[in-house]
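Here is final_11.txt, consisting of compact mmCIF, C-alpha atoms and all ligand atoms:
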```txt
# COMPACT_ATOMS: atom_id res chain seq x y z
CA MET R 1 0.00 0.00 0.00
CA ASP R 2 1.25 3.45 -0.92
CA ILE R 3 1.55 5.70 2.12
CA ARG R 4 2.26 9.37 1.38
CA ARG R 5 0.05 11.55 3.55
CA ILE R 6 0.13 11.18 7.32
CA GLY R 7 -2.44 12.55 9.72
CA VAL R 8 -1.20 13.13 13.27
CA ILE R 9 -3.86 13.76 15.93
CA GLY R 10 -2.56 15.62 18.98
CA ALA R 11 0.05 18.37 18.91
CA GLY R 12 1.66 17.48 22.23
CA GLN R 13 5.18 16.28 22.91
CA MET R 14 4.66 12.95 21.10
CA GLY R 15 2.51 14.25 18.23
CA ASN R 16 5.05 16.93 17.35
CA GLY R 17 7.87 14.38 17.48
CA ILE R 18 5.94 11.99 15.24
CA ALA R 19 5.19 14.79 12.74
CA HIS R 20 8.91 15.70 12.81
CA VAL R 21 10.19 12.22 11.88
CA PHE R 22 7.58 11.61 9.17
CA ALA R 23 8.23 15.00 7.53
CA LEU R 24 11.99 14.43 7.65
CA ALA R 25 11.50 11.05 5.95
CA GLY R 26 9.63 12.72 3.06
CA PHE R 27 5.96 12.19 4.01
CA ASP R 28 3.39 15.02 3.88
CA VAL R 29 2.06 15.56 7.39
CA LEU R 30 -1.17 17.12 8.56
CA VAL R 31 -1.30 17.75 12.32
CA ASN R 32 -4.65 18.08 14.05
CA ASP R 33 -5.50 19.29 17.53
CA VAL R 34 -8.57 20.80 19.19
CA SER R 35 -6.35 23.63 20.42
CA GLN R 36 -5.35 26.26 17.85
CA ASP R 37 -2.74 27.50 20.36
CA ALA R 38 -1.08 24.09 20.42
CA LEU R 39 -1.10 23.97 16.61
CA ASP R 40 0.39 27.48 16.43
CA ARG R 41 3.35 26.26 18.50
CA THR R 42 3.92 23.09 16.43
CA PRO R 43 6.09 24.58 13.62
CA SER R 44 8.42 26.39 16.02
CA ILE R 45 8.79 23.36 18.32
CA ILE R 46 9.64 21.10 15.37
CA ALA R 47 11.97 23.75 13.87
CA LYS R 48 13.84 23.95 17.18
CA ASN R 49 14.28 20.17 17.37
CA LEU R 50 15.37 20.07 13.71
CA ASP R 51 17.90 22.81 14.59
CA ARG R 52 19.51 20.42 17.07
CA GLN R 53 19.98 17.90 14.27
CA VAL R 54 21.34 20.58 11.90
CA SER R 55 23.78 21.91 14.49
CA ARG R 56 25.15 18.37 15.09
CA GLY R 57 25.51 17.83 11.33
CA ARG R 58 22.89 15.03 11.30
CA ILE R 59 20.79 16.78 8.64
CA THR R 60 21.33 19.79 6.36
CA ALA R 61 19.58 23.15 6.61
CA GLU R 62 17.93 22.34 3.29
CA GLU R 63 16.52 19.06 4.65
CA GLN R 64 15.23 21.01 7.64
CA ALA R 65 13.46 23.54 5.39
CA GLN R 66 11.97 20.77 3.23
CA ALA R 67 10.71 18.89 6.29
CA LEU R 68 9.06 22.02 7.71
CA ALA R 69 7.42 22.74 4.36
CA ARG R 70 5.77 19.29 4.43
CA ILE R 71 3.95 20.00 7.71
CA THR R 72 0.55 21.68 7.82
CA THR R 73 -1.90 22.00 10.70
CA THR R 74 -5.68 21.97 11.06
CA THR R 75 -8.33 21.95 13.77
CA ASP R 76 -10.67 20.22 11.30
CA ILE R 77 -10.84 16.50 12.08
CA ALA R 78 -12.59 15.85 8.72
CA ALA R 79 -9.42 16.83 6.81
CA ILE R 80 -7.43 14.19 8.71
CA GLY R 81 -9.75 11.46 7.43
CA GLU R 82 -8.42 11.94 3.89
CA THR R 83 -4.84 10.95 4.74
CA ASP R 84 -3.37 7.47 4.09
CA LEU R 85 -2.20 6.78 7.62
CA ILE R 86 -3.45 8.33 10.84
CA VAL R 87 -1.40 8.27 14.03
CA GLU R 88 -3.58 9.21 16.99
CA SER R 89 -1.40 10.71 19.67
CA ALA R 90 -3.81 12.49 21.98
CA THR R 91 -3.90 12.34 25.77
CA GLU R 92 -3.49 8.85 27.28
CA ARG R 93 -7.16 8.52 28.29
CA GLU R 94 -9.34 5.85 26.75
CA GLU R 95 -12.52 7.96 26.65
CA ILE R 96 -10.69 10.76 24.79
CA LYS R 97 -9.22 8.37 22.24
CA LYS R 98 -12.61 6.71 21.67
CA LYS R 99 -14.24 10.13 21.21
CA ILE R 100 -11.61 11.04 18.60
CA PHE R 101 -12.12 7.80 16.67
CA SER R 102 -15.88 8.24 16.69
CA SER R 103 -15.61 11.85 15.46
CA LEU R 104 -13.35 10.61 12.65
CA ALA R 105 -15.64 7.77 11.63
CA ASP R 106 -17.73 9.65 9.03
CA HIS R 107 -14.69 11.25 7.41
CA LEU R 108 -12.34 8.31 6.91
CA ALA R 109 -11.33 7.37 3.38
CA PRO R 110 -11.86 3.62 2.79
CA HIS R 111 -8.14 2.89 2.41
CA THR R 112 -6.95 4.85 5.49
CA LEU R 113 -4.95 2.95 8.09
CA LEU R 114 -5.80 3.96 11.63
CA THR R 115 -3.15 3.70 14.33
CA THR R 116 -2.73 4.84 17.89
CA ASN R 117 0.40 5.86 19.73
CA THR R 118 -1.15 4.70 23.00
CA SER R 119 1.47 3.59 25.46
CA SER R 120 -0.75 1.09 27.27
CA ILE R 121 -4.43 0.90 26.27
CA SER R 122 -5.79 -2.26 24.60
CA ILE R 123 -5.54 -2.03 20.81
CA THR R 124 -8.24 -4.67 20.39
CA ARG R 125 -10.67 -2.66 22.53
CA LEU R 126 -9.96 0.65 20.75
CA ALA R 127 -10.23 -1.09 17.34
CA ALA R 128 -13.56 -2.71 18.20
CA ASP R 129 -15.23 0.71 18.29
CA THR R 130 -14.11 1.60 14.75
CA ASP R 131 -15.37 0.44 11.34
CA ARG R 132 -11.93 -1.04 10.47
CA PRO R 133 -10.41 -3.27 13.16
CA GLU R 134 -8.43 -5.08 10.44
CA ARG R 135 -6.87 -1.76 9.39
CA PHE R 136 -6.18 -0.66 12.97
CA MET R 137 -2.93 -1.11 14.89
CA GLY R 138 -0.81 0.12 17.79
CA PHE R 139 2.09 2.26 16.54
CA HIS R 140 4.08 3.24 19.61
CA PHE R 141 6.92 5.76 19.41
CA MET R 142 9.32 6.57 22.23
CA ASN R 143 10.18 10.01 23.58
CA PRO R 144 12.13 11.95 22.26
CA VAL R 145 10.79 10.62 18.97
CA PRO R 146 13.55 12.08 16.74
CA VAL R 147 16.20 10.34 18.85
CA MET R 148 14.77 7.01 19.97
CA GLN R 149 15.26 4.15 17.54
CA LEU R 150 12.36 1.92 18.54
CA VAL R 151 8.77 1.75 17.35
CA GLU R 152 6.59 -0.90 19.00
CA LEU R 153 4.08 -2.49 16.62
CA ILE R 154 1.04 -3.93 18.37
CA ARG R 155 -1.52 -6.01 16.51
CA GLY R 156 -5.06 -6.14 17.82
CA ILE R 157 -6.88 -9.45 17.51
CA ALA R 158 -8.31 -8.43 14.11
CA THR R 159 -5.34 -6.54 12.61
CA SER R 160 -4.62 -7.89 9.11
CA ALA R 161 -1.24 -9.16 7.95
CA GLU R 162 -1.25 -6.45 5.26
CA THR R 163 -1.71 -3.65 7.80
CA TYR R 164 1.16 -5.05 9.86
CA SER R 165 3.54 -5.41 6.90
CA THR R 166 2.68 -1.92 5.58
CA LEU R 167 3.47 -0.35 8.94
CA HIS R 168 6.61 -2.43 9.28
CA GLU R 169 7.82 -0.93 5.98
CA VAL R 170 6.87 2.57 7.14
CA VAL R 171 9.05 2.12 10.25
CA LYS R 172 12.00 1.17 8.02
CA THR R 173 11.39 4.25 5.84
CA LEU R 174 11.61 6.37 8.99
CA GLY R 175 15.05 4.82 9.63
CA LYS R 176 13.78 3.24 12.86
CA THR R 177 13.56 -0.34 14.14
CA ALA R 178 10.29 -2.13 14.88
CA ALA R 179 9.65 -4.61 17.68
CA SER R 180 6.44 -6.57 17.71
CA SER R 181 4.44 -6.80 20.92
CA GLU R 182 1.31 -8.77 21.68
CA ASP R 183 -1.68 -6.73 22.80
CA TYR R 184 -1.41 -6.99 26.59
CA PRO R 185 -1.44 -4.09 29.06
CA ALA R 186 1.40 -1.58 28.42
CA PHE R 187 3.00 -3.84 25.76
CA ILE R 188 6.77 -4.45 26.21
CA VAL R 189 8.66 -1.21 26.94
CA ASN R 190 6.21 0.23 29.43
CA ARG R 191 5.48 -3.17 31.05
CA ILE R 192 9.10 -3.13 32.17
CA LEU R 193 10.03 0.56 32.33
CA ILE R 194 7.08 2.07 34.21
CA PRO R 195 7.10 -0.45 37.12
CA MET R 196 10.82 0.37 37.46
CA ILE R 197 9.95 4.07 37.71
CA ASN R 198 7.14 3.26 40.17
CA GLU R 199 9.66 1.28 42.26
CA ALA R 200 11.97 4.31 42.28
CA VAL R 201 9.07 6.42 43.60
CA TYR R 202 8.49 3.77 46.31
CA ALA R 203 12.20 3.99 47.22
CA LEU R 204 11.74 7.76 47.61
CA TYR R 205 8.42 7.35 49.51
CA GLU R 206 9.96 4.85 51.94
CA GLY R 207 13.02 7.03 52.48
CA VAL R 208 15.50 4.58 50.98
CA GLY R 209 17.11 7.48 49.16
CA SER R 210 16.62 11.10 48.10
CA VAL R 211 15.71 12.11 44.54
CA SER R 212 19.39 12.80 43.79
CA ALA R 213 20.62 9.58 45.40
CA ILE R 214 18.11 7.45 43.48
CA ASP R 215 18.85 9.08 40.12
CA THR R 216 22.62 9.10 40.63
CA SER R 217 22.50 5.42 41.61
CA MET R 218 20.73 4.35 38.45
CA LYS R 219 22.75 6.65 36.16
CA LEU R 220 26.15 5.68 37.49
CA GLY R 221 25.30 2.24 38.82
CA ALA R 222 23.25 0.90 35.93
CA ASN R 223 24.40 3.19 33.11
CA HIS R 224 20.93 4.56 32.42
CA PRO R 225 21.08 7.82 30.43
CA MET R 226 18.60 9.41 32.86
CA GLY R 227 17.75 8.49 36.44
CA PRO R 228 14.23 6.99 36.90
CA LEU R 229 12.80 10.11 38.58
CA GLU R 230 14.28 12.44 35.96
CA LEU R 231 12.84 10.10 33.32
CA ALA R 232 9.44 10.13 35.05
CA ASP R 233 9.42 13.95 34.85
CA PHE R 234 10.41 13.69 31.19
CA ILE R 235 7.61 11.23 30.34
CA GLY R 236 5.04 13.06 32.50
CA LEU R 237 3.92 11.84 35.91
CA ASP R 238 0.27 11.72 34.76
CA THR R 239 1.27 9.37 31.93
CA CYS R 240 3.32 7.19 34.32
CA LEU R 241 0.36 6.97 36.70
CA ALA R 242 -2.08 6.22 33.88
CA ILE R 243 0.15 3.36 32.70
CA MET R 244 0.51 1.93 36.24
CA ASN R 245 -3.28 1.99 36.54
CA VAL R 246 -3.66 0.15 33.22
CA LEU R 247 -1.20 -2.52 34.48
CA HIS R 248 -2.87 -2.75 37.88
CA GLU R 249 -6.39 -3.05 36.48
CA GLY R 250 -5.48 -5.09 33.40
CA LEU R 251 -3.29 -7.68 35.15
CA ALA R 252 -5.05 -7.59 38.55
CA ASP R 253 -1.77 -8.05 40.40
CA THR R 254 -0.92 -5.94 43.47
CA LYS R 255 2.73 -5.77 42.37
CA TYR R 256 1.57 -3.07 39.94
CA ARG R 257 -0.09 -0.81 42.53
CA PRO R 258 0.84 2.81 41.86
CA CYS R 259 2.93 4.40 44.62
CA PRO R 260 0.78 6.82 46.70
CA LEU R 261 3.52 9.45 46.32
CA LEU R 262 3.20 9.30 42.53
CA THR R 263 -0.56 9.82 42.89
CA LYS R 264 0.08 12.75 45.24
CA TYR R 265 2.37 14.52 42.76
CA VAL R 266 -0.21 14.08 40.00
CA GLU R 267 -3.00 15.36 42.25
CA ALA R 268 -0.87 18.42 43.00
CA GLY R 269 -0.55 19.08 39.26
CA TRP R 270 3.22 18.50 39.54
CA LEU R 271 3.40 16.50 36.34
CA GLY R 272 7.10 16.89 35.53
CA ARG R 273 8.79 19.02 32.90
CA LYS R 274 5.60 20.01 31.11
CA THR R 275 4.29 21.81 34.22
CA LYS R 276 7.81 22.85 35.28
CA ARG R 277 7.60 20.84 38.50
CA GLY R 278 7.67 17.15 39.35
CA PHE R 279 10.39 15.25 41.18
CA TYR R 280 12.50 18.25 40.16
CA ASP R 281 11.64 21.94 40.03
CA TYR R 282 12.46 23.40 36.60
CA ARG R 283 11.27 26.95 37.24
CA GLY R 284 14.64 28.52 37.96
CA ASP R 285 17.39 29.41 35.50
CA GLY R 286 19.95 26.95 36.87
CA ASP R 287 19.96 23.18 37.17
CA PRO R 288 16.64 21.52 38.13
CA VAL R 289 16.25 21.36 41.93
CA PRO R 290 15.01 18.11 43.58
CA THR R 291 11.65 18.60 45.29
CA ARG R 292 12.43 15.99 47.99
N1 LIG V 1 14.77 16.34 18.92
C1 LIG V 1 15.86 16.12 18.16
N2 LIG V 1 17.04 15.73 18.67
C2 LIG V 1 17.12 15.61 20.00
C3 LIG V 1 16.02 15.83 20.86
C4 LIG V 1 14.80 16.21 20.26
N3 LIG V 1 13.69 16.41 20.99
N4 LIG V 1 16.43 15.60 22.13
C5 LIG V 1 17.72 15.24 22.09
N5 LIG V 1 18.15 15.26 20.79
C6 LIG V 1 19.46 14.83 20.30
C7 LIG V 1 20.56 15.80 20.58
O1 LIG V 1 20.65 16.78 19.60
C8 LIG V 1 21.80 14.87 20.58
O2 LIG V 1 22.15 14.56 19.24
P1 LIG V 1 23.59 13.93 18.81
O3 LIG V 1 23.63 12.52 19.30
O4 LIG V 1 23.56 14.02 17.33
O5 LIG V 1 24.63 14.78 19.44
C9 LIG V 1 21.26 13.62 21.23
O6 LIG V 1 19.84 13.65 21.02
C10 LIG V 1 21.56 13.56 22.72
O7 LIG V 1 21.00 14.74 23.33
P2 LIG V 1 21.74 15.68 24.37
O8 LIG V 1 23.22 15.66 24.11
O9 LIG V 1 21.04 16.99 24.40
O10 LIG V 1 21.40 15.06 25.75
P3 LIG V 1 21.68 13.66 26.34
O11 LIG V 1 22.93 13.04 25.84
O12 LIG V 1 21.50 13.89 27.78
O13 LIG V 1 20.45 12.76 25.80
C11 LIG V 1 18.32 11.86 25.79
C12 LIG V 1 19.13 13.12 25.93
C13 LIG V 1 18.43 11.30 24.38
C14 LIG V 1 16.86 12.26 26.04
C15 LIG V 1 18.82 10.79 26.82
O14 LIG V 1 18.87 11.35 28.09
C16 LIG V 1 17.98 9.54 26.87
O15 LIG V 1 18.10 8.66 26.02
N6 LIG V 1 17.09 9.45 27.90
C17 LIG V 1 16.21 8.32 28.07
C18 LIG V 1 15.04 8.48 27.15
C19 LIG V 1 14.06 7.35 27.29
O16 LIG V 1 14.21 6.41 28.05
N7 LIG V 1 12.96 7.46 26.53
C20 LIG V 1 11.91 6.50 26.56
C21 LIG V 1 10.86 7.04 27.44
S1 LIG V 1 9.54 5.88 27.57
C22 LIG V 1 8.57 6.21 26.29
O17 LIG V 1 8.73 7.14 25.54
C23 LIG V 1 7.43 5.31 26.15
C24 LIG V 1 6.19 5.76 26.76
O18 LIG V 1 5.15 5.42 26.23
C25 LIG V 1 6.12 6.46 28.06
```

Represent the supplied structure as structure tokens.
Ligand code: CAA
Amino acid sequence: MDIRRIGVIGAGQMGNGIAHVFALAGFDVLVNDVSQDALDRTPSIIAKNLDRQVSRGRITAEEQAQALARITTTTDIAAIGETDLIVESATEREEIKKKIFSSLADHLAPHTLLTTNTSSISITRLAADTDRPERFMGFHFMNPVPVMQLVELIRGIATSAETYSTLHEVVKTLGKTAASSEDYPAFIVNRILIPMINEAVYALYEGVGSVSAIDTSMKLGANHPMGPLELADFIGLDTCLAIMNVLHEGLADTKYRPCPLLTKYVEAGWLGRKTKRGFYDYRGDGDPVPTR
């Protein structure tokens, strides 16, 4: 199947990253969001991230300009339905994703492949509410999308072999590597990564170590590029909590219970970098300051 035009739903951290890598690989990209403000910021956010790649000599200034020229934005969900491949990348809440798919339903071209960048929600369940479960799949990018090599491919129970092989080819065109995961709560990366982060929050909650001690331990003791609490702030504490809840409810095992301290940070609205405060405080000009 010929994939040329990509529709990205959601102009957040992940949606902008996904638009970035598709445009750089030569696809035309239409980004949709309910917020015009978010869409207004999209070109400058992507330009800034492309700048990083230009300044390191990874891409040329001409490739940057061409990529930016391939990206357009719209608040009109109907326009998205005309693209060849849609990557839904809205907030990690099942009712929001279902609402988006139902508002798209009347506008979808017959050939359009529908995918979701969900990090944990059942692909089979999301697909069941659409008119095309065989053309529906999980297409999970990692943050920061322009840097991370992996894309998880998750087949729902009805996903066709053709849909899978088409998306596998798309991943190769993006210069990334695919790993196939069965459709179980949180798939592979987050099944392993988010309980590790939750355990780090328990270590903080129980006083085993401070924020700095925990992050330093895992950076220098396990060679992780970021400590687990720094990584939690980077992913978003609301997303981490949502994924722990999906694991807890979906696998019904108490080993996945979210740490009460993680819940408390989310209830405070301290969601990490995006709100400028989480396990670290990012509001000052200097280095982030641990909040515990
Ligand atoms: N766009 C483009 N390029 C970017 C970028 C962005 N948003 N962010 C970083 N880069 C590039 C930099 O330009 C640099 O490029 P070169 O290698 O060409 O020099 C490279 O990435 C490294 O960046 P920095 O030197 O600025 O910083 P760093 O060495 O500290 O690395 C990091 C930053 C890549 C984010 C690194 O800390 C890291 O890998 N962290 C872990 C990230 C991770 O685990 N992500 C997965 C999260 S889980 C997930 O996403 C799944 C989910 O569903 C929750």

Counting only C-alpha atoms, what is within 10 Å of Asp40 of chain R, bar same-chain residues fewer than 3 positions away, as a PyMOL selection string?
chain R and resi 11+35-37+43-45+73-74

Output the neighbourhood of ligand LIG 1 (chain V) as a PyMOL selection string, that is, all protein and nucleic acid residues with some atom at most 9 Å from the ligand, counting all atoms listed in the file.
chain R and resi 13-14+17+20+45-46+48-58+117-120+140-148+186+189-190+193-194+224-228+231-232+234-236+239-240+243

Skip Thr163 of chain R itself and residues of its chain fewer than 3 positions away, then list as a list in words all residues within 8 Å of it, counting all atoms listed in the file.
Leu113, Glu134, Arg135, Phe136, Met137, Thr159, Ser160, Thr166 and Leu167 of chain R

If we count all atoms listed in the file and set the cut-off at 6 Å, which residues sit around segment 96-112 of chain R, ignoring sequence neighbours fewer than 6 positions away in its own chain? Please answer as a list in words.
Ala78, Gly81, Glu82, Asp84 and Leu85 of chain R

Around all listed atoms of segment 4-14 of chain R, padded 5 Å per side, what centre and edge lengths does the axis-aligned box have in Å to one decimal, as JSON?
```
{"center_x": 0.7, "center_y": 13.9, "center_z": 12.1, "size_x": 19.0, "size_y": 19.0, "size_z": 31.5}
```

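Across the structure, atom CA of Thr42 of chain R and atom CA of Leu271 of chain R are spaced 21.0 Å apart.
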
Measure the distance from atom CA of Arg125 of chain R to atom CA of Ala252 of chain R in Å and round it to one decimal.
17.7 Å
